[in-house]
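The structure under discussion appears below in the form of C-alpha cells.
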Number of protein chains: 2
Amino acid sequence: MEALKSRGKLPQGFRVGTSTFTFSPAELANRKASMTLTLLALDNPTSTFAALFTTNAFPGAPVLVGRKRLANSPALQAVIINNKISNVCAPNGVAASESLCEGAAKALGLSSPTLVLPCSTGIIGWGLPVQDMVAAIPATKAALQGDSILAAAKGICTTDLYPKVRSALLPGGARIVGIAKGAGMVEPGLATMLVYILTDAVMTAEELRGAVGAAVGPTFNSLSIDSDMSTSDTLVALSSNAVPLAASTGRSSAIAEFTSTLTSLCAALSEDIVRNGEGVAHVIRVNVTGSPTLALARAVGKSIVNSPLFKCAVAGNDPNVGRLVAAIGKCVGSLPKESTEGVAMEKISLTMGGRTIFSNGVFALNPETEAALVKHLKEAQLWGKFFLSRLCGA
Amino acid sequence: MEALKSRGKLPQGFRVGTSTFTFSPAELANRKASMTLTLLALDNPTSTFAALFTTNAFPGAPVLVGRKRLANSPALQAVIINNKISNVCAPNGVAASESLCEGAAKALGLSSPTLVLPCSTGIIGWGLPVQDMVAAIPATKAALQGDSILAAAKGICTTDLYPKVRSALLPGGARIVGIAKGAGMVEPGLATMLVYILTDAVMTAEELRGAVGAAVGPTFNSLSIDSDMSTSDTLVALSSNAVPLAASTGRSSAIAEFTSTLTSLCAALSEDIVRNGEGVAHVIRVNVTGSPTLALARAVGKSIVNSPLFKCAVAGNDPNVGRLVAAIGKCVGSLPKESTEGVAMEKISLTMGGRTIFSNGVFALNPETEAALVKHLKEAQLWGKFFLSRLCGA
C-alpha cells in the first residue's frame with residue numbers, strides 16, 4: 001500500500017477522515033451491517049467546485065441534494081459520504097441526507113449545512129440509519145488528517161477489491177488527486193459511481209467545470225462494466241485555490257494543460273474501475289476509427305462491450321467473432337438513419353489481438369487465426385483457472 | 001413426442017423433409033461437423049406469402065436473398081433451411097444461397113429458383129459447404145411427407161433443447177401451424193431467429209402480410225433472451241390457399257379472427273423460445289400499465305428484462321429490487337424528453353410476485369417481503385440445484 005499512500009498525498013488545504021460502525025438495518029431481521037462514514041473537508045469554503053450526476057430517472061436522494069448545492073450554493077467546504085446504503089427512493093431520503101449535512105456542518109463549525117454535499121453508495125432500497133450516522137460524525141471528524149487521501153479511497157468502497165487513487169503534479173507545483181469507487185452497476189451517464197477530484201490549483205468555478213466536462217467524455221462516459229446505470233453516479237471536484245497554475249504561456253494554455261492532465265487522471269481511474277469490476281476477468285478496449293461522428297464511434301464501442309454474448313465469448317477465451325459482428329450490426333441497424341449516414345458496412349474491417357479477422361465486410365477466418373485468437377484471449381485473462389474453479393466451488 | 005406430432009399436423013398442400021450429413025468445415029482443422037437440411041414445399045406456387053427479417057446492419061446472405069424474393073418474386077413454392085452455419089458476411093455468401101435455391105428448384109422440378117427462399121442459422125463467420133449441401137438435396141426431397149411438421153421443427157434446431165411447434169384451427173376448418181428456432185442471440189428486431197408459419201387458409205398476400213405484421217409486435221418483438229440481435233432473424237409465412245375462411249360475418253371479421261389466432265400462436269411460440277433460451281432458469285414477464293405510449297411501455301419492459309444485474313438477481317433467487325428500479329430509471333432517463341412526456345416517476349408503483357415492493361416512487365420493503373420474494377423466485381425456477389451443480393462441474 002505504500003505506493004498508493006504516496007500517490008494519495010493530499011493537495012494543500014484538504015483533510016479527510018473516516019470512521020466505521022455497525023448498525024441494525026430495518027430491512028433485515030436480526031442481522032447487523034457495517035458502514036463507513038467518510039469526510040472530505042476544506043480548511044476554507046471554496047466557490048471553485050464542480051459536480052456531475054447520473055442521468056438515471058430514479059436518482060438517489062444525495063443526487064437530488066447535490067444538484068441543489070450545484071445550483072444554489074455559492075461555496076462548498078465539505079463532502080460527507082457513506083457506503084453500504086445508497087439512499088435511493090427510500091422514505092424521507094432527502095431529509096436523511098440533509099440531516100447528515102447538518103451534522104457535518106455542526107461538527108466542523110461551518111456557517112451553513114449548504115456548504116456540505118452528501119453522497120451515498122451501496123444497496124438501493126434501504127433507508128439510511130440516520131441516528132447512527134449522525135452519532136458517528138464526531139469520530140469521523142476526529143480522524144481528519146491532511147496527509148493522504150488513501151483512507152477516503154478505502155472508506156467509499158463497497159464491493160471494490162481495492163481502493164483507486166490517481167494523482168498528478170502540474171507545472172508550478174499544484175497537485176490533483178482523484179479517488180473512485182465502483183465495481184458493479186457501472187455504465188455511467190455523466191460520471192461513474194463516486195469520483196472525487198481534489199486540487200489546490202487556483203481556478204474559477206467556470207474553469208474547473210469546463211475542465212471536468214471535457215475530461216469525463218472520453219473517460220468515465222466511455223466505460224462500461226455491466227451496462228447497468230447506477231442511480232447514484234456522482235463526480236465532485238473541489239479546489240482549495242492554494243497554488244497558482246504556471247502561466248508563462250497565458251491563462252488559456254495553463255487551463256488546457258490542467259484539462260489534459262485531469263483527463264489522463266480520469267482515464268487512469270476509469271481503467272482502475274474496469275479492472276476492478278465485479279467478476280471482470282478481461283478488459284476489452286475498442287478502438288473505432290473512420291467513424292463519421294464521435295457519437296457513432298462511442299455507440300458502436302458501447303454496443304460491443306455491452307454485448308452479453310460477445311462478453312461471454314471473451315470471458316471463455318473463445319473467439320466467437322460472429323458475436324462481435326452481430327453487436328456492430330445491431331447498433332448500426334437500430335440507430336435512426338441520420339445517425340449512420342456515410343457508414344459503408346461493406347467497407348468495415350476488424351482486427352482483434354492485432355490480427356485481421358474481417359476485411360471489407362467479409363470474414364477472414366481460418367484454423368490458424370482461430371488458434372491465435374484463443375492464445376491472445378488466454379494471455380489477456382486477469383484471473384487464472386484457480387480463481388474460476390473457486391468460483392464454481394470445485 | 002406424440003403430442004407434438006399431432007400438434008404438428010401439416011395444413012393442406014404442404015410437405016416437409018429433412019436430411020442430415022457430416023462435412024469438414026474449412027475453418028476447423030481436422031474436425032467434422034453435422035448439418036441438417038430442411039425443405040418446406042408447397043404442392044403449387046403461392047402468391048400468398050409474407051416475410052420479415054432482422055434489422056441488424058450485418059444481415060446474413062439468406063436475408064439479402066429473402067428480401068429480394070419479397071420484393072421481386074410474384075410467388076414462392078419452397079423454403080430451404082440449414083442449421084449449423086448462418087452464412088453471414090462469408091465470402092461469396094449470396095452466391096452460396098442462390099446455389100441452394102437452384103438445387104432445390106431442380107430437385108423439386110420448379111420453373112425458377114426464385115420460387116425458393118433460403119434460410120441459414122448457426123455459426124456466424126463460417127462459409128456454407130455448398131457442394132455437400134447441394135449433394136444432400138435429393139435425399140431431403142426424398143424425405144418429403146405431408147403428415148407432420150415435427151421433422152422440420154427438429155431440423156432447424158441448433159442449441160435448442162427441444163423443437164417448438166404450435167398450431168391452431170380456424171372456423172371453417174383452415175389450419176395454421178408454426179415452428180420456431182432460437183435459443184441464443186435472441187432479441188428480435190422484427191421476427192425471431194427462424195419462424196415458419198404455414199396455413200391453408202385462403203387469403204391474399206396483403207391480408208397475410210397485414211396479419212403477420214400485427215402479430216409480431218406484441219409477441220416476437222416483445223421478447224428477449226440475451227439482448228443480442230441476430231444477423232439471421234427471419235419469419236416466413238406461406239398459405240396454400242386450400243381452405244376458405246368461414247365468412248359468415250364478413251371478410252374483415254374473418255381476417256380479424258385469423259390475425260387474433262395467429263397472434264396467440266406467435267405468443268405461444270415466443271414463450272416456447274424464451275423457456276428454451278440458453279441457460280434460462282427463470283422466465284420474467286413484465287406488465288407495464290398506465291404508460292402514455294405503447295413504445296415507452298415496451299422500452300421500459302425491455303430495459304428490465306435486459307438488465308444484466310436484475311437478471312443475475314432473479315437467476316440467484318435474490319430479490320435485489322434496487323436493480324429493477326435502476327433499470328427503469330436508466331431507460332426513462334436515457335430517452336429523449338419527448339418520449340417520456342407525461343411520466344411521473346413519483347407515481348410509479350411496482351409489484352413482484354403479487355406483492356407491492358415500491359409505492360408512489362418509494363420502496364416498501366421489510367424482512368417479511370424480502371423472504372416472500374425469495375420464496376416466489378425459488379418456486380418460479382425452471383431448473384433445480386442439481387442442474388446448477390452440474391453446470392459448475394461440482
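By order of appearance in the C-alpha cells: chains A, B, ..., then residues from 1 within every chain, and ligands from 1 in the order shown.
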Near-range 116-124 of chain B list (7 Å; only C-alpha atoms; drop same-chain fewer than 3 positions) as a ChimeraX atom specification: /A:322 /B:62,66,69,76-88,97,101,105,113,158,232
Chain A contacts on chain B, only C-alpha atoms, 6 Å, as a PyMOL selection string: chain B and resi 27-29+55-58+89-91+124-125+229+231+322+326+329-330+332-333+362-363+366-367+392+394
Expected answer as an MDAnalysis selection string: strand (DSSP E or B) residues in range 31-65 of chain B: chainID B and resid 33:46 49:53
How would the residues just chosen look if you wrote them out with N, CA and C atoms as a PDB file, in the first residue's frame?
ATOM      1  N   ALA B  33     -18.221 -31.708 -38.767  1.00  0.00           N
ATOM      2  CA  ALA B  33     -19.419 -31.087 -38.189  1.00  0.00           C
ATOM      3  C   ALA B  33     -20.640 -31.719 -38.858  1.00  0.00           C
ATOM      4  N   SER B  34     -21.785 -31.580 -38.209  1.00  0.00           N
ATOM      5  CA  SER B  34     -23.012 -32.174 -38.729  1.00  0.00           C
ATOM      6  C   SER B  34     -24.014 -31.067 -39.072  1.00  0.00           C
ATOM      7  N   MET B  35     -24.719 -31.234 -40.175  1.00  0.00           N
ATOM      8  CA  MET B  35     -25.687 -30.223 -40.615  1.00  0.00           C
ATOM      9  C   MET B  35     -26.983 -30.911 -41.040  1.00  0.00           C
ATOM     10  N   THR B  36     -28.113 -30.277 -40.750  1.00  0.00           N
ATOM     11  CA  THR B  36     -29.399 -30.784 -41.231  1.00  0.00           C
ATOM     12  C   THR B  36     -29.974 -29.810 -42.250  1.00  0.00           C
ATOM     13  N   LEU B  37     -30.407 -30.360 -43.369  1.00  0.00           N
ATOM     14  CA  LEU B  37     -31.053 -29.579 -44.423  1.00  0.00           C
ATOM     15  C   LEU B  37     -32.554 -29.830 -44.305  1.00  0.00           C
ATOM     16  N   THR B  38     -33.344 -28.759 -44.340  1.00  0.00           N
ATOM     17  CA  THR B  38     -34.799 -28.892 -44.212  1.00  0.00           C
ATOM     18  C   THR B  38     -35.467 -28.248 -45.429  1.00  0.00           C
ATOM     19  N   LEU B  39     -36.405 -28.957 -46.014  1.00  0.00           N
ATOM     20  CA  LEU B  39     -37.190 -28.404 -47.131  1.00  0.00           C
ATOM     21  C   LEU B  39     -38.645 -28.245 -46.695  1.00  0.00           C
ATOM     22  N   LEU B  40     -39.213 -27.049 -46.933  1.00  0.00           N
ATOM     23  CA  LEU B  40     -40.658 -26.849 -46.804  1.00  0.00           C
ATOM     24  C   LEU B  40     -41.158 -26.636 -48.229  1.00  0.00           C
ATOM     25  N   ALA B  41     -42.074 -27.479 -48.716  1.00  0.00           N
ATOM     26  CA  ALA B  41     -42.507 -27.353 -50.113  1.00  0.00           C
ATOM     27  C   ALA B  41     -44.023 -27.274 -50.204  1.00  0.00           C
ATOM     28  N   LEU B  42     -44.501 -26.459 -51.130  1.00  0.00           N
ATOM     29  CA  LEU B  42     -45.932 -26.393 -51.451  1.00  0.00           C
ATOM     30  C   LEU B  42     -46.188 -27.211 -52.707  1.00  0.00           C
ATOM     31  N   ASP B  43     -47.380 -27.787 -52.786  1.00  0.00           N
ATOM     32  CA  ASP B  43     -47.725 -28.546 -53.993  1.00  0.00           C
ATOM     33  C   ASP B  43     -47.789 -27.622 -55.213  1.00  0.00           C
ATOM     34  N   ASN B  44     -48.213 -26.375 -54.985  1.00  0.00           N
ATOM     35  CA  ASN B  44     -48.325 -25.390 -56.068  1.00  0.00           C
ATOM     36  C   ASN B  44     -47.705 -24.077 -55.631  1.00  0.00           C
ATOM     37  N   PRO B  45     -47.227 -23.270 -56.560  1.00  0.00           N
ATOM     38  CA  PRO B  45     -46.706 -21.946 -56.196  1.00  0.00           C
ATOM     39  C   PRO B  45     -47.802 -21.112 -55.534  1.00  0.00           C
ATOM     40  N   THR B  46     -47.405 -20.254 -54.565  1.00  0.00           N
ATOM     41  CA  THR B  46     -48.400 -19.382 -53.934  1.00  0.00           C
ATOM     42  C   THR B  46     -47.926 -17.938 -53.949  1.00  0.00           C
ATOM     43  N   PHE B  49     -47.692 -14.997 -49.562  1.00  0.00           N
ATOM     44  CA  PHE B  49     -46.584 -15.229 -48.626  1.00  0.00           C
ATOM     45  C   PHE B  49     -46.184 -13.914 -47.969  1.00  0.00           C
ATOM     46  N   ALA B  50     -45.536 -14.019 -46.805  1.00  0.00           N
ATOM     47  CA  ALA B  50     -45.075 -12.848 -46.073  1.00  0.00           C
ATOM     48  C   ALA B  50     -43.711 -13.184 -45.502  1.00  0.00           C
ATOM     49  N   ALA B  51     -42.876 -12.178 -45.293  1.00  0.00           N
ATOM     50  CA  ALA B  51     -41.573 -12.425 -44.673  1.00  0.00           C
ATOM     51  C   ALA B  51     -41.110 -11.176 -43.952  1.00  0.00           C
ATOM     52  N   LEU B  52     -40.503 -11.380 -42.794  1.00  0.00           N
ATOM     53  CA  LEU B  52     -39.904 -10.287 -42.029  1.00  0.00           C
ATOM     54  C   LEU B  52     -38.475 -10.689 -41.719  1.00  0.00           C
ATOM     55  N   PHE B  53     -37.577  -9.694 -41.662  1.00  0.00           N
ATOM     56  CA  PHE B  53     -36.165 -10.007 -41.465  1.00  0.00           C
ATOM     57  C   PHE B  53     -35.560  -9.129 -40.371  1.00  0.00           C
TER      58      PHE B  53
END
Atom-to-atom span, CA of Arg355 in chain B and CA of Gly290 in chain B, Å: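 The value is 18.4 Å.
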Ala380 in chain B environment, 9 Å, only C-alpha atoms, sequence neighbours closer than 4 positions dropped, as a PyMOL selection string: chain B and resi 281-283+375-376
d(CA of Gly103 in chain B, CA of Leu144 in chain B) in Å: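 CA of Gly103 in chain B sits 15.5 Å away from CA of Leu144 in chain B.
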